[in-house]
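Peer 1: Have a look at this one.
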Amino acid sequence: MNIYMRRVVQSGWGMLFLLSLRLCGAAERDAANGSPEASLPEDLFHSGRYEAAFINGVFFSPFGPTHNRPTINYTYTGLQLGYMLGDVKGDGWRRGNFEVAGEAFGSAILDGAGTYISGGTLWLRYNIVPRGFSALVPFAQAGAGMVSTDIDHDVVGEPFNFNLDLSLGVRYFVGRNWSINLEYRYQHISNADLGRHNLGINADGPFLGVSYFF
């Protein structure tokens, strides 16, 4: 993915996220005006509920400063289990709740010195849940975890590393308990200066997933 195409994808995901917020605001106003449309299954986001998800995507590196950073492009497949920490609160586009999620993932390196990346991430997510009918539920999340990889040690220093992640996404509900999820993620991998080399990886890319709420 060249720099121009990457900027197009980043801009497109940013516009999608802002559009979903705008649609959520419209749903909130419709509900306040007594719109007769059916309401979103808000109870799916109540405290104590769970979300199981399958996520698949691809990361492209380097992202940001590129000086002396090699190309490391890799797939990403993850299984995730989330737990709703509280009920939906607030008004307007900020109306939502917090969710914690654990994710196990594996990656195959498509381009670069190595064959795999595997590990786990603990996420803290904020779900933006509109009042009234809306099939769209945007979210923002941040996570951290640990990884194992055979990437060239001149890049990551050693097999054991840490990962830091940021993501913006939106769910589209296709059923009472099912949603299709679109995300744009950033991931940083490094050994926190525990190894002799710590150039690290900065990568970003698009993701598609499916969730089941229970």
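Ordered as shown in the structure tokens, chains take letters A, B, and onward, while each chain numbers its residues from 1 and ligands are numbered from 1 in the order shown.
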Could you give me, as CSV, a per-residue list for range 31-150 of chain A showing, wherever an atom lies at most 12 Å from an atom of range 191-197 of chain A, the closest pair of atoms and their distance in Å to one decimal, using only C-alpha atoms and sorting by chain then residue number from low to high?

Peer 2:
```
residue,atom,partner,partner_atom,distance
A:Gly145,CA,A:Asn191,CA,11.4
A:Met146,CA,A:Asn191,CA,9.3
A:Val147,CA,A:Asn191,CA,9.4
A:Ser148,CA,A:Asn191,CA,10.3
A:Thr149,CA,A:Asn191,CA,11.1
```

Peer 1: Given the selection you just returned, output its residues as a file containing C-alpha atoms, formatted as a PDB file, in the first residue's frame.

Peer 2:
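New file out.pdb:
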```pdb
ATOM      1  CA  GLY A 145      -0.655  -6.860  25.289  1.00  0.00           C
ATOM      2  CA  MET A 146       2.195  -9.252  24.533  1.00  0.00           C
ATOM      3  CA  VAL A 147       3.383 -10.945  21.342  1.00  0.00           C
ATOM      4  CA  SER A 148       5.746 -13.667  20.172  1.00  0.00           C
ATOM      5  CA  THR A 149       7.353 -13.376  16.734  1.00  0.00           C
TER       6      THR A 149
END
```

Peer 1: Find the spatial neighbours of range 153-169 of chain A, counting only C-alpha atoms, within a cut-off of 9 Å - ignore same-chain residues fewer than 4 positions away - and output them as a ChimeraX atom specification.

Peer 2: /A:13-14,16-17,69-70,113,119-121,123,137-149,181-201,207

Peer 1: I need the strand (DSSP E) residues of range 23-205 of chain A per DSSP on the backbone, written as a ChimeraX atom specification.

Peer 2: /A:50-59,73-84,96-111,116-128,136-149,160-173,178-190,201-205

Peer 1: Write out as a count of residues only which residues come within 6 Å of range 52-57 of chain A when counting only C-alpha atoms, dropping same-chain ones fewer than 2 positions away.

Peer 2: 14

Peer 1: When you draw a straight line from CA of Phe59 in chain A to CA of Gly106 in chain A, how long is it in Å?

Peer 2: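 Separation between CA of Phe59 in chain A and CA of Gly106 in chain A: 12.2 Å.
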
Peer 1: For Glu51 in chain A, which residue among A:Ala135, A:Val129, A:Met84, A:Ile180 is the nearest when counting only C-alpha atoms?

Peer 2: A:Met84

Peer 1: Given the choices A:Gly48, A:Gly205, A:Gly175, A:Gly132, which gets closest to Asp87 in chain A if the distance is worked out from only C-alpha atoms?

Peer 2: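 The answer is A:Gly48, which sits nearest to Asp87 in chain A.
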
Peer 1: For the atom pair CA of Asn97 in chain A and CA of Glu42 in chain A, what is the interatomic distance in Å to one decimal place?

Peer 2: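 The value is 10.6 Å.
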
Peer 1: Give me the residues near Ile128 in chain A as a count of residues only, where near means some atom within 10 Å (using only C-alpha atoms) and where sequence neighbours in that chain fewer than 6 positions away do not count.

Peer 2: 19
